Amino acid sequence: MAALAAAAVVVAVTQPAGHPSRESEGRFDSAAEKYESGEIELDSPDGEANGGEGGEAAELRASMEQFAEARTAPGIVSPGAYSAAFTALQGLPTTGKTWTELTRRPYDGDDPDYRDYYSNSSGGSGLVTGRVTSLAVGGGAVYAAGADGGMWRSTTGTGNWQPIADQLPSLSSGDLQIDRTGALWYGTGEANTGGTSYVGSGVYRLANPTSGTFSTANRIGGTELESTGVHHLRFSGDTVFAATQRGLYSHSVSGTAGTPWKLLFAPSPDYLPGAAKADDPQAAYKNIVNDVAVDPRNAKHVIAEAAWRGGDTYNGFYESNDAGSTWTRINPTGAINPQDIGYATFAFAADGSKLYVVNESVKLYNQGTGTAAANSLLDGIYVSNTGNPVGPWNKIADSTKLANSGSALKQSTGGKGYGPGVQAWYNQFLAVDPTNADHVYAGLEEVYETRNAGSSWTTPGPYWNFTFPCWRVDGLYAPNGSRGCSQTTHSDQHAVAIGTVAGGAPYVYVGNDGGVYRRPVSGAADASGHATDWQSLNDGTLDALQYYYVGVGKLQADDAKRPDLTTGEQVLVSGGLQDNGGSLLRPGAPKMVSNFGGDGGDVLVDPNDGCNIVQEYVALSMRVTRTCANPGPDHPNAFLDLSQSTTTDISPPDINARFIAPFTANTTNPTQWLAGGNSLWYQDKGWDITSGDQWKKVYTLPNAGQTFTAVTYSDNRALATWCGPCNNSGFSRGAVVGTFADGAWTFTPVDLDGSGVPNRYLAGAAIDPKNADHLVLGVNGFSRRFTEGPGAGVGHIYESFDAGTTWKDTSGNLPDVPVNDVVVTPSGGLLASTDLGVVYRAAKQGWTKLGTNLPTTAVLDLHVGPDSNIYVATHGRGIWRIPAGTL
């Protein structure tokens, strides 16, 4: 989550007497309140501005949509593109040594040494990892799928995870299901319509999941389900159904694996690939099937939910009475409004006696949260007490009812909070206890539970503990021995599974933006309904962490004396994470710690002192620390008292920075910085900067809707790229080249029209350290002319040798894969991070894969550390490094 997950608690909270108020407003208002007020307007996939929306939902939607823009603007990704790129990548020769994973170790979100003012430590989520999108339990194991980290297996049911899908073309995860034979099905492609969700390469089946690993030979069908997302897989006899972003498909469970998937239902078939309207900019939103469910009482009775979260004429419930051969749109009766069906999830009771659904409100989505009329996007949770999808449906929960059921999102008196379901278009799960049709778990931002079919609810997994009387800044237990707040789950729920491992007791497993947690199905709770028996299964072996950036700095002699920093390696590694703040890996430490809360964006680390860190929250909301954000014993109240904080807000006053906005230091003088929003900002005080007012505006783009996407700075030369508009409609991009002389900057716009550089998102920029006129651009997105519209052309690397006057496509044998970052090495070689790994090209040579052992996942950032290692930030498999050698 965005604003609420930050230490800047957007919800204004009031603590009971004896518990100091955790100040909420003002911590990140430089970003959140701009989004909320509409000062920053956001481009949505359907071309509508979302300005005026509440900070929570607005920021997440900004993140998702801007991430998608980088990969699809100005068109739609071609089916089969990822598979083609993967095949081409495998054909490249390999250069360099073996990659080493650094972050496969516990990541503690509640470490007591890092409770500075901008931290989330003591919130209660404990050990965390990245977003988990699906779970399955059975056959003596638990399986978890990371958003872009592939699939993992735990044979203990409590951790010790092993990756079992690293050989597949896509590690983006949709759904996991176990069939009647015990085989495990893996639908790739995260399908929750979020922009950080990558498409997949199809559906795979593993016959021996407790001991085997997936390979490309395990794919079911042909190319039908490539380059899309799989919401859910469901079984009915010998048939498996797949609800995807391109319709509903079926396949035989026992039949020939290579037989194509059969398209059963597409709400708008003219918009499918190869059809008449396939090139329409809205084609990607016209055939989304969010869920499919099979009636336990009648295998031929299948229901489906199809909808675009922003609304479309096809939104609604559908059913088939002949196993999917024909479909009829349902007109639900009772409390559900058929005109207000958005993203929804079904759950049948095991005996089919009841049918539940959680539904997002299209009306509230388009109205926007943060207004007087709506602080949630949840329409409600409903039950059909006959199991009939027609109804009548009874509403058993809405945002207000859930808020009053022990939620941490209950709006405080006079506060400016957001209610349960603020992200109902994105966070959803629903499961019925297989032994009790009245016992239901529902996931939104929090985990909710009813044991009486919705008459009453509790919140066993609250968002965090900060708003509760039990919360203490010094940890879970009070000095007098009384118990403080219990462990909760991480926020933002995506997956649920109920089952047993090795004949043990039944547990409910939940997957969210912080990984995997479990508790007994009928577990214990305190008087407020908060569970007292959650267990984090994020023991460090499930490294699904989703990094945006990585920074590295040396360990100083005085740092080595500190009790929280142990000896060993002589560098500290920092990173910015999706919904898991800023991480810090200390030399020789057995675990990582979170020293900044919320979303962690770009990060800048002093190469000469790794405790000098600048961490972005979002949109150039920047904080600087010179203590690794460890306040130490001299600042015991830093968590609650800003005057004792060892971190300082240094955000420049930009009007339109991207959700994850770029900033950088001069490679030859790390005290000189540039940051990019709608303007370029400069400061030369390094880590001694004390205020955002010390930034100087040195260049402003001509249009307020334009914003910088990448910034690089070497000696007296700078190169910055921009886009605006950044979504499909009217997409435009450009660059400026800057020269610093006599204490002043001069920036010159680069004329890219007619230069050969495609009209695509420019994600990477680099300057040759030995030749300031040698510039490099990294172009994101697949470049298929027949799907991506005017201006798109093949090519992802472009170079200029005359300071930007002319450009040449030097992509050569580089596969057609999005490029995220580029670095020119001292030897004249070029490194490029892509959505499928890292490639390297020596001077005047062809492209090669860099190193071995790196999973095929998106690499968003490249960083050459002061220890002569190359570090990469992956968006699903943590941080890795490899010796630079002579590159």
# chains A, B, ... in the order shown; residues from 1 in each chain; ligands from 1
call {"tool": "residues_around", "arguments": {"residues": "range 574-577 of chain A", "least_positions_apart": "3", "cutoff": "6 Å", "atoms": "only C-alpha atoms", "output": "mmCIF file with N, CA and C atoms, in the first residue's frame"}}
result
data_model
loop_
_atom_site.group_PDB
_atom_site.id
_atom_site.type_symbol
_atom_site.label_atom_id
_atom_site.label_comp_id
_atom_site.auth_asym_id
_atom_site.auth_seq_id
_atom_site.Cartn_x
_atom_site.Cartn_y
_atom_site.Cartn_z
ATOM 1 N N GLN A 546 10.483 -6.836 -3.696
ATOM 2 C CA GLN A 546 10.309 -6.080 -4.938
ATOM 3 C C GLN A 546 11.003 -4.718 -4.823
ATOM 4 N N TYR A 547 12.235 -4.694 -5.257
ATOM 5 C CA TYR A 547 13.037 -3.474 -5.163
ATOM 6 C C TYR A 547 12.852 -2.588 -6.386
ATOM 7 N N TYR A 548 12.931 -1.288 -6.142
ATOM 8 C CA TYR A 548 13.017 -0.310 -7.218
ATOM 9 C C TYR A 548 14.478 0.109 -7.452
ATOM 10 N N TYR A 549 15.216 0.350 -6.351
ATOM 11 C CA TYR A 549 16.592 0.856 -6.454
ATOM 12 C C TYR A 549 17.462 0.229 -5.372
ATOM 13 N N VAL A 550 18.777 0.276 -5.605
ATOM 14 C CA VAL A 550 19.758 -0.199 -4.643
ATOM 15 C C VAL A 550 20.888 0.819 -4.547
ATOM 16 N N GLY A 551 21.449 0.982 -3.338
ATOM 17 C CA GLY A 551 22.597 1.859 -3.118
ATOM 18 C C GLY A 551 23.566 1.203 -2.152
ATOM 19 N N ASN A 580 7.379 -2.008 1.248
ATOM 20 C CA ASN A 580 8.163 -2.510 2.374
ATOM 21 C C ASN A 580 9.312 -1.571 2.726
ATOM 22 N N GLY A 581 9.095 -0.278 2.450
ATOM 23 C CA GLY A 581 9.999 0.755 2.925
ATOM 24 C C GLY A 581 11.390 0.696 2.360
ATOM 25 N N GLY A 582 12.330 1.159 3.168
ATOM 26 C CA GLY A 582 13.736 1.092 2.829
ATOM 27 C C GLY A 582 14.391 -0.003 3.639
ATOM 28 N N SER A 583 15.192 -0.832 2.991
ATOM 29 C CA SER A 583 15.884 -1.912 3.700
ATOM 30 C C SER A 583 17.349 -1.564 3.875
ATOM 31 N N LEU A 584 17.937 -2.130 4.916
ATOM 32 C CA LEU A 584 19.353 -1.943 5.200
ATOM 33 C C LEU A 584 19.967 -3.288 5.523
ATOM 34 N N GLY A 600 9.214 2.392 -0.578
ATOM 35 C CA GLY A 600 10.565 2.910 -0.710
ATOM 36 C C GLY A 600 10.883 3.083 -2.180
ATOM 37 N N GLY A 601 11.207 4.292 -2.615
ATOM 38 C CA GLY A 601 11.489 4.536 -4.015
ATOM 39 C C GLY A 601 12.973 4.527 -4.300
ATOM 40 N N ASP A 602 13.450 5.587 -4.920
ATOM 41 C CA ASP A 602 14.870 5.717 -5.228
ATOM 42 C C ASP A 602 15.656 5.849 -3.922
#
call {"tool": "residues_around", "arguments": {"residues": "Arg881 in chain A", "least_positions_apart": "6", "cutoff": "6 Å", "atoms": "only C-alpha atoms", "output": "ChimeraX atom specification"}}
result
/A:99-100,870-871
call {"tool": "closest_atom_pairs", "arguments": {"of": "range 278-390 of chain A", "to": "range 229-250 of chain A", "cutoff": "7 Å", "atoms": "only C-alpha atoms", "output": "CSV"}}
result
residue,atom,partner,partner_atom,distance
A:Asn287,CA,A:Arg246,CA,5.1
A:Ile288,CA,A:Gln245,CA,4.2
A:Val289,CA,A:Ala243,CA,5.3
A:Asn290,CA,A:His231,CA,5.7
A:Asp291,CA,A:Ala243,CA,5.7
A:Val292,CA,A:Ala243,CA,6.1
A:Ala293,CA,A:Arg234,CA,6.5
A:Val294,CA,A:Ser236,CA,6.6
A:Ala299,CA,A:Ser236,CA,5.7
call {"tool": "write_last_selection", "arguments": {"atoms": "N, CA, C and O atoms", "output": "mmCIF file, in the first residue's frame"}}
result
data_model
loop_
_atom_site.group_PDB
_atom_site.id
_atom_site.type_symbol
_atom_site.label_atom_id
_atom_site.label_comp_id
_atom_site.auth_asym_id
_atom_site.auth_seq_id
_atom_site.Cartn_x
_atom_site.Cartn_y
_atom_site.Cartn_z
ATOM 1 N N ASN A 287 -11.932 -7.651 -21.956
ATOM 2 C CA ASN A 287 -12.250 -9.074 -21.793
ATOM 3 C C ASN A 287 -11.704 -9.647 -20.491
ATOM 4 O O ASN A 287 -11.286 -10.799 -20.424
ATOM 5 N N ILE A 288 -11.728 -8.855 -19.439
ATOM 6 C CA ILE A 288 -11.159 -9.285 -18.164
ATOM 7 C C ILE A 288 -12.160 -10.163 -17.415
ATOM 8 O O ILE A 288 -13.250 -9.715 -17.055
ATOM 9 N N VAL A 289 -11.795 -11.402 -17.195
ATOM 10 C CA VAL A 289 -12.582 -12.316 -16.363
ATOM 11 C C VAL A 289 -11.845 -12.466 -15.031
ATOM 12 O O VAL A 289 -10.755 -13.038 -14.981
ATOM 13 N N ASN A 290 -12.438 -11.938 -13.990
ATOM 14 C CA ASN A 290 -11.763 -11.894 -12.700
ATOM 15 C C ASN A 290 -11.863 -13.182 -11.907
ATOM 16 O O ASN A 290 -10.978 -13.490 -11.111
ATOM 17 N N ASP A 291 -12.945 -13.929 -12.094
ATOM 18 C CA ASP A 291 -13.087 -15.148 -11.303
ATOM 19 C C ASP A 291 -13.979 -16.141 -12.038
ATOM 20 O O ASP A 291 -14.812 -15.766 -12.878
ATOM 21 N N VAL A 292 -13.787 -17.398 -11.701
ATOM 22 C CA VAL A 292 -14.647 -18.485 -12.172
ATOM 23 C C VAL A 292 -14.811 -19.433 -11.003
ATOM 24 O O VAL A 292 -13.880 -19.640 -10.209
ATOM 25 N N ALA A 293 -16.000 -19.979 -10.838
ATOM 26 C CA ALA A 293 -16.268 -20.909 -9.740
ATOM 27 C C ALA A 293 -17.200 -22.000 -10.223
ATOM 28 O O ALA A 293 -18.088 -21.767 -11.060
ATOM 29 N N VAL A 294 -17.005 -23.202 -9.680
ATOM 30 C CA VAL A 294 -17.807 -24.369 -10.052
ATOM 31 C C VAL A 294 -18.720 -24.718 -8.887
ATOM 32 O O VAL A 294 -18.267 -24.832 -7.733
ATOM 33 N N ALA A 299 -21.488 -30.107 -11.306
ATOM 34 C CA ALA A 299 -20.227 -29.816 -11.999
ATOM 35 C C ALA A 299 -20.425 -29.085 -13.310
ATOM 36 O O ALA A 299 -19.489 -28.447 -13.822
#
call {"tool": "residues_around", "arguments": {"residues": "Ala502 in chain A", "least_positions_apart": "2", "cutoff": "8 Å", "atoms": "only C-alpha atoms", "output": "VMD selection string"}}
result
chain A and resid 139 to 141 156 500 504
call {"tool": "write_last_selection", "arguments": {"atoms": "N, CA and C atoms", "output": "compact mmCIF listing (two decimals), in the first residue's frame"}}
result
# COMPACT_ATOMS: atom_id res chain seq x y z
N GLY A 139 -0.95 -32.19 -0.24
CA GLY A 139 0.09 -33.17 -0.56
C GLY A 139 1.32 -33.07 0.30
N GLY A 140 1.20 -32.49 1.49
CA GLY A 140 2.34 -32.40 2.38
C GLY A 140 3.19 -31.17 2.20
N ALA A 141 2.65 -30.13 1.58
CA ALA A 141 3.44 -28.92 1.38
C ALA A 141 2.54 -27.70 1.23
N THR A 156 7.51 -28.01 5.31
CA THR A 156 7.22 -27.97 6.74
C THR A 156 5.93 -27.21 7.03
N THR A 500 -4.07 -28.47 5.53
CA THR A 500 -3.17 -29.07 6.50
C THR A 500 -1.90 -29.53 5.79
N GLY A 504 -1.25 -32.42 9.95
CA GLY A 504 -1.38 -31.56 11.11
C GLY A 504 -2.74 -30.90 11.19
call {"tool": "residues_around", "arguments": {"residues": "Leu102 in chain A", "least_positions_apart": "3", "cutoff": "12 Å", "atoms": "only C-alpha atoms", "output": "number ranges by chain"}}
result
A: 99, 105-107, 540-541, 543, 545, 550, 569, 572-575, 583-592, 854, 871-874, 877-882
call {"tool": "atom_distance", "arguments": {"atom1": "CA of Gln423 in chain A", "atom2": "CA of Val132 in chain A"}}
result
16.4 Å
call {"tool": "closest_residue", "arguments": {"among": "A:Gly610, A:Gly274, A:Pro855, A:Gly406", "to": "Pro462 in chain A", "atoms": "only C-alpha atoms"}}
result
A:Gly406
call {"tool": "closest_residue", "arguments": {"among": "A:Asn160, A:Ser486, A:Thr133, A:Thr196", "to": "Gly174 in chain A", "atoms": "only C-alpha atoms"}}
result
A:Thr133
call {"tool": "residues_around", "arguments": {"residues": "Asp609 in chain A", "least_positions_apart": "3", "cutoff": "10 Å", "atoms": "only C-alpha atoms", "output": "ChimeraX atom specification"}}
result
/A:552-557,559,571-572,605-606,612-613,626-628
call {"tool": "write_last_selection", "arguments": {"atoms": "N, CA, C and O atoms", "output": "PDB file, in the first residue's frame"}}
result
ATOM      1  N   VAL A 552      24.870   1.480  -2.315  1.00  0.00           N
ATOM      2  CA  VAL A 552      25.903   0.805  -1.537  1.00  0.00           C
ATOM      3  C   VAL A 552      26.925   1.822  -1.053  1.00  0.00           C
ATOM      4  O   VAL A 552      27.325   2.723  -1.808  1.00  0.00           O
ATOM      5  N   GLY A 553      27.356   1.679   0.213  1.00  0.00           N
ATOM      6  CA  GLY A 553      28.386   2.554   0.769  1.00  0.00           C
ATOM      7  C   GLY A 553      29.281   1.799   1.726  1.00  0.00           C
ATOM      8  O   GLY A 553      28.899   0.768   2.301  1.00  0.00           O
ATOM      9  N   LYS A 554      30.468   2.322   1.918  1.00  0.00           N
ATOM     10  CA  LYS A 554      31.457   1.666   2.773  1.00  0.00           C
ATOM     11  C   LYS A 554      31.066   1.759   4.249  1.00  0.00           C
ATOM     12  O   LYS A 554      30.381   2.683   4.682  1.00  0.00           O
ATOM     13  N   LEU A 555      31.549   0.782   5.013  1.00  0.00           N
ATOM     14  CA  LEU A 555      31.417   0.803   6.462  1.00  0.00           C
ATOM     15  C   LEU A 555      32.554   1.635   7.037  1.00  0.00           C
ATOM     16  O   LEU A 555      33.721   1.415   6.716  1.00  0.00           O
ATOM     17  N   GLN A 556      32.218   2.613   7.874  1.00  0.00           N
ATOM     18  CA  GLN A 556      33.227   3.455   8.505  1.00  0.00           C
ATOM     19  C   GLN A 556      33.693   2.849   9.819  1.00  0.00           C
ATOM     20  O   GLN A 556      32.994   2.055  10.455  1.00  0.00           O
ATOM     21  N   ALA A 557      34.889   3.250  10.248  1.00  0.00           N
ATOM     22  CA  ALA A 557      35.467   2.683  11.473  1.00  0.00           C
ATOM     23  C   ALA A 557      34.580   2.918  12.683  1.00  0.00           C
ATOM     24  O   ALA A 557      34.393   2.035  13.524  1.00  0.00           O
ATOM     25  N   ASP A 559      31.366   3.289  12.656  1.00  0.00           N
ATOM     26  CA  ASP A 559      30.166   2.474  12.523  1.00  0.00           C
ATOM     27  C   ASP A 559      30.414   1.052  13.012  1.00  0.00           C
ATOM     28  O   ASP A 559      29.540   0.423  13.602  1.00  0.00           O
ATOM     29  N   VAL A 571      30.787  -3.200   3.393  1.00  0.00           N
ATOM     30  CA  VAL A 571      29.833  -2.288   2.770  1.00  0.00           C
ATOM     31  C   VAL A 571      28.463  -2.492   3.393  1.00  0.00           C
ATOM     32  O   VAL A 571      28.127  -3.575   3.889  1.00  0.00           O
ATOM     33  N   LEU A 572      27.647  -1.426   3.369  1.00  0.00           N
ATOM     34  CA  LEU A 572      26.242  -1.488   3.742  1.00  0.00           C
ATOM     35  C   LEU A 572      25.423  -1.347   2.473  1.00  0.00           C
ATOM     36  O   LEU A 572      25.742  -0.528   1.606  1.00  0.00           O
ATOM     37  N   VAL A 605      23.080   6.491  -1.625  1.00  0.00           N
ATOM     38  CA  VAL A 605      23.960   6.166  -0.511  1.00  0.00           C
ATOM     39  C   VAL A 605      25.340   6.761  -0.766  1.00  0.00           C
ATOM     40  O   VAL A 605      25.869   6.667  -1.878  1.00  0.00           O
ATOM     41  N   ASP A 606      25.903   7.355   0.267  1.00  0.00           N
ATOM     42  CA  ASP A 606      27.260   7.887   0.173  1.00  0.00           C
ATOM     43  C   ASP A 606      28.215   6.720  -0.034  1.00  0.00           C
ATOM     44  O   ASP A 606      28.313   5.836   0.817  1.00  0.00           O
ATOM     45  N   ASN A 612      25.182   7.193   5.475  1.00  0.00           N
ATOM     46  CA  ASN A 612      24.636   8.416   4.890  1.00  0.00           C
ATOM     47  C   ASN A 612      23.697   7.993   3.757  1.00  0.00           C
ATOM     48  O   ASN A 612      24.142   7.567   2.699  1.00  0.00           O
ATOM     49  N   ILE A 613      22.401   8.108   4.006  1.00  0.00           N
ATOM     50  CA  ILE A 613      21.399   7.556   3.095  1.00  0.00           C
ATOM     51  C   ILE A 613      20.317   8.594   2.821  1.00  0.00           C
ATOM     52  O   ILE A 613      19.868   9.285   3.743  1.00  0.00           O
ATOM     53  N   ARG A 626      22.190  10.401   8.580  1.00  0.00           N
ATOM     54  CA  ARG A 626      23.630  10.164   8.642  1.00  0.00           C
ATOM     55  C   ARG A 626      23.942   9.123   9.699  1.00  0.00           C
ATOM     56  O   ARG A 626      25.098   8.946  10.084  1.00  0.00           O
ATOM     57  N   THR A 627      22.899   8.414  10.144  1.00  0.00           N
ATOM     58  CA  THR A 627      23.066   7.393  11.177  1.00  0.00           C
ATOM     59  C   THR A 627      22.474   6.053  10.763  1.00  0.00           C
ATOM     60  O   THR A 627      22.218   5.207  11.615  1.00  0.00           O
ATOM     61  N   CYS A 628      22.232   5.836   9.492  1.00  0.00           N
ATOM     62  CA  CYS A 628      21.482   4.661   9.008  1.00  0.00           C
ATOM     63  C   CYS A 628      20.049   4.679   9.509  1.00  0.00           C
ATOM     64  O   CYS A 628      19.364   3.669   9.488  1.00  0.00           O
TER      65      CYS A 628
END
call {"tool": "residues_around", "arguments": {"residues": "range 731-737 of chain A", "least_positions_apart": "2", "cutoff": "6 Å", "atoms": "only C-alpha atoms", "output": "PDB file with C-alpha atoms, in the first residue's frame"}}
result
ATOM      1  CA  PRO A  74       2.092   4.160 -26.445  1.00  0.00           C
ATOM      2  CA  ALA A 718      23.846  15.662 -17.050  1.00  0.00           C
ATOM      3  CA  LEU A 719      21.286  13.789 -19.118  1.00  0.00           C
ATOM      4  CA  ALA A 720      17.624  13.573 -18.151  1.00  0.00           C
ATOM      5  CA  THR A 721      14.692  11.934 -19.942  1.00  0.00           C
ATOM      6  CA  TRP A 722      11.001  12.771 -19.604  1.00  0.00           C
ATOM      7  CA  CYS A 723       7.517  11.784 -20.702  1.00  0.00           C
ATOM      8  CA  GLY A 724       4.234  13.651 -20.853  1.00  0.00           C
ATOM      9  CA  PRO A 725       1.550  12.649 -21.427  1.00  0.00           C
ATOM     10  CA  CYS A 726       2.834   9.309 -20.191  1.00  0.00           C
ATOM     11  CA  ASN A 727      -0.131   7.060 -20.906  1.00  0.00           C
ATOM     12  CA  ASN A 728      -1.329   5.642 -24.228  1.00  0.00           C
ATOM     13  CA  SER A 729      -3.329   8.685 -25.268  1.00  0.00           C
ATOM     14  CA  PHE A 747      20.132  22.710 -20.182  1.00  0.00           C
ATOM     15  CA  THR A 748      19.410  22.114 -23.836  1.00  0.00           C
ATOM     16  CA  PRO A 749      16.388  20.143 -25.066  1.00  0.00           C
ATOM     17  CA  VAL A 750      17.307  17.196 -27.290  1.00  0.00           C
TER      18      VAL A 750
END
call {"tool": "closest_atom_pairs", "arguments": {"of": "range 121-196 of chain A", "to": "range 275-286 of chain A", "cutoff": "12 Å", "atoms": "only C-alpha atoms", "output": "Markdown table"}}
result
| residue | atom | partner | partner_atom | distance |
| --- | --- | --- | --- | --- |
| A:Ala191 | CA | A:Tyr285 | CA | 11.6 |
| A:Asn192 | CA | A:Tyr285 | CA | 11.8 |
| A:Thr193 | CA | A:Tyr285 | CA | 9.0 |
call {"tool": "atom_distance", "arguments": {"atom1": "CA of Val358 in chain A", "atom2": "CA of Asn375 in chain A"}}
result
17.1 Å
call {"tool": "atom_distance", "arguments": {"atom1": "CA of Asp533 in chain A", "atom2": "CA of Gly461 in chain A"}}
result
10.1 Å
call {"tool": "residues_around", "arguments": {"residues": "Tyr356 in chain A", "least_positions_apart": "6", "cutoff": "9 Å", "atoms": "only C-alpha atoms", "output": "number ranges by chain"}}
result
A: 345-349, 381-385, 387, 393, 430-432, 440
call {"tool": "write_last_selection", "arguments": {"atoms": "N, CA and C atoms", "output": "tab-separated table (two decimals), in the first residue's frame"}}
result
chain	number	residue	atom	x	y	z
A	345	THR	N	-14.86	-11.29	-6.34
A	345	THR	CA	-14.34	-12.63	-6.08
A	345	THR	C	-15.45	-13.48	-5.46
A	346	PHE	N	-15.63	-14.70	-5.98
A	346	PHE	CA	-16.64	-15.65	-5.47
A	346	PHE	C	-16.02	-16.63	-4.49
A	347	ALA	N	-16.87	-17.22	-3.63
A	347	ALA	CA	-16.47	-18.36	-2.80
A	347	ALA	C	-17.71	-19.18	-2.45
A	348	PHE	N	-17.77	-20.41	-2.94
A	348	PHE	CA	-18.83	-21.34	-2.56
A	348	PHE	C	-18.50	-22.01	-1.23
A	349	ALA	N	-19.52	-22.31	-0.43
A	349	ALA	CA	-19.34	-23.24	0.67
A	349	ALA	C	-19.04	-24.61	0.08
A	381	ILE	N	-19.70	-7.07	0.85
A	381	ILE	CA	-19.61	-8.52	0.84
A	381	ILE	C	-21.04	-9.04	0.95
A	382	TYR	N	-21.37	-10.03	0.11
A	382	TYR	CA	-22.75	-10.51	0.02
A	382	TYR	C	-22.78	-12.04	0.16
A	383	VAL	N	-23.95	-12.56	0.51
A	383	VAL	CA	-24.17	-13.99	0.54
A	383	VAL	C	-25.49	-14.32	-0.15
A	384	SER	N	-25.47	-15.37	-0.94
A	384	SER	CA	-26.68	-15.98	-1.46
A	384	SER	C	-26.91	-17.24	-0.64
A	385	ASN	N	-27.91	-17.24	0.22
A	385	ASN	CA	-28.12	-18.33	1.16
A	385	ASN	C	-28.68	-19.60	0.52
A	387	GLY	N	-27.10	-20.53	-2.48
A	387	GLY	CA	-26.01	-20.91	-3.38
A	387	GLY	C	-26.28	-20.56	-4.82
A	393	TRP	N	-29.45	-11.93	-3.03
A	393	TRP	CA	-28.21	-11.64	-2.33
A	393	TRP	C	-28.50	-10.74	-1.13
A	430	LEU	N	-11.26	-14.26	-0.69
A	430	LEU	CA	-12.47	-14.75	-0.03
A	430	LEU	C	-12.36	-16.26	0.07
A	431	ALA	N	-12.59	-16.81	1.27
A	431	ALA	CA	-12.52	-18.26	1.46
A	431	ALA	C	-13.50	-18.68	2.53
A	432	VAL	N	-14.14	-19.84	2.28
A	432	VAL	CA	-15.08	-20.42	3.23
A	432	VAL	C	-14.43	-21.63	3.88
A	440	VAL	N	-16.16	-17.61	7.39
A	440	VAL	CA	-15.60	-17.02	6.17
A	440	VAL	C	-14.44	-16.10	6.54
call {"tool": "closest_residue", "arguments": {"among": "A:Leu862, A:Ala304, A:Ala884, A:Leu814", "to": "Gly846 in chain A", "atoms": "only C-alpha atoms"}}
result
A:Leu814
call {"tool": "select_by_dssp", "arguments": {"residues": "range 107-283 of chain A", "states": "strand (DSSP E)", "output": "PyMOL selection string"}}
result
chain A and resi 107-108+132-138+141-146+150-154+162-163+173-178+184-188+203-206+219-220+230-236+239-244+247-252+262-265
call {"tool": "closest_residue", "arguments": {"among": "A:Arg658, A:Ala525, A:Ala843, A:Tyr118", "to": "Gln615 in chain A", "atoms": "only C-alpha atoms"}}
result
A:Tyr118
call {"tool": "select_by_dssp", "arguments": {"residues": "range 730-848 of chain A", "states": "helix (DSSP H, G or I)", "output": "ChimeraX atom specification"}}
result
/A:785-788
call {"tool": "write_last_selection", "arguments": {"atoms": "all heavy atoms", "output": "tab-separated table (two decimals), in the first residue's frame"}}
result
chain	number	residue	atom	x	y	z
A	785	ARG	N	5.28	-2.99	-33.88
A	785	ARG	CA	4.54	-1.92	-34.56
A	785	ARG	C	3.04	-2.22	-34.64
A	785	ARG	O	2.22	-1.32	-34.55
A	785	ARG	CB	5.10	-1.72	-35.96
A	785	ARG	CG	6.47	-1.07	-35.99
A	785	ARG	CD	6.89	-0.79	-37.42
A	785	ARG	NE	8.17	-0.11	-37.49
A	785	ARG	CZ	9.34	-0.73	-37.50
A	785	ARG	NH1	9.39	-2.04	-37.42
A	785	ARG	NH2	10.46	-0.05	-37.59
A	786	PHE	N	2.69	-3.51	-34.85
A	786	PHE	CA	1.29	-3.83	-35.10
A	786	PHE	C	0.44	-3.78	-33.84
A	786	PHE	O	-0.77	-3.94	-33.91
A	786	PHE	CB	1.16	-5.19	-35.78
A	786	PHE	CG	1.76	-6.34	-35.01
A	786	PHE	CD1	1.02	-7.02	-34.07
A	786	PHE	CD2	3.07	-6.73	-35.25
A	786	PHE	CE1	1.58	-8.08	-33.38
A	786	PHE	CE2	3.63	-7.78	-34.56
A	786	PHE	CZ	2.89	-8.46	-33.61
A	787	THR	N	1.04	-3.59	-32.67
A	787	THR	CA	0.22	-3.45	-31.45
A	787	THR	C	0.47	-2.14	-30.73
A	787	THR	O	-0.33	-1.75	-29.88
A	787	THR	CB	0.48	-4.59	-30.46
A	787	THR	OG1	1.84	-4.54	-30.04
A	787	THR	CG2	0.19	-5.94	-31.07
A	788	GLU	N	1.58	-1.48	-31.01
A	788	GLU	CA	1.96	-0.38	-30.14
A	788	GLU	C	1.77	1.00	-30.75
A	788	GLU	O	2.14	1.99	-30.13
A	788	GLU	CB	3.40	-0.58	-29.67
A	788	GLU	CG	3.53	-1.86	-28.88
A	788	GLU	CD	4.69	-1.85	-27.91
A	788	GLU	OE1	5.62	-1.06	-28.09
A	788	GLU	OE2	4.65	-2.63	-26.97
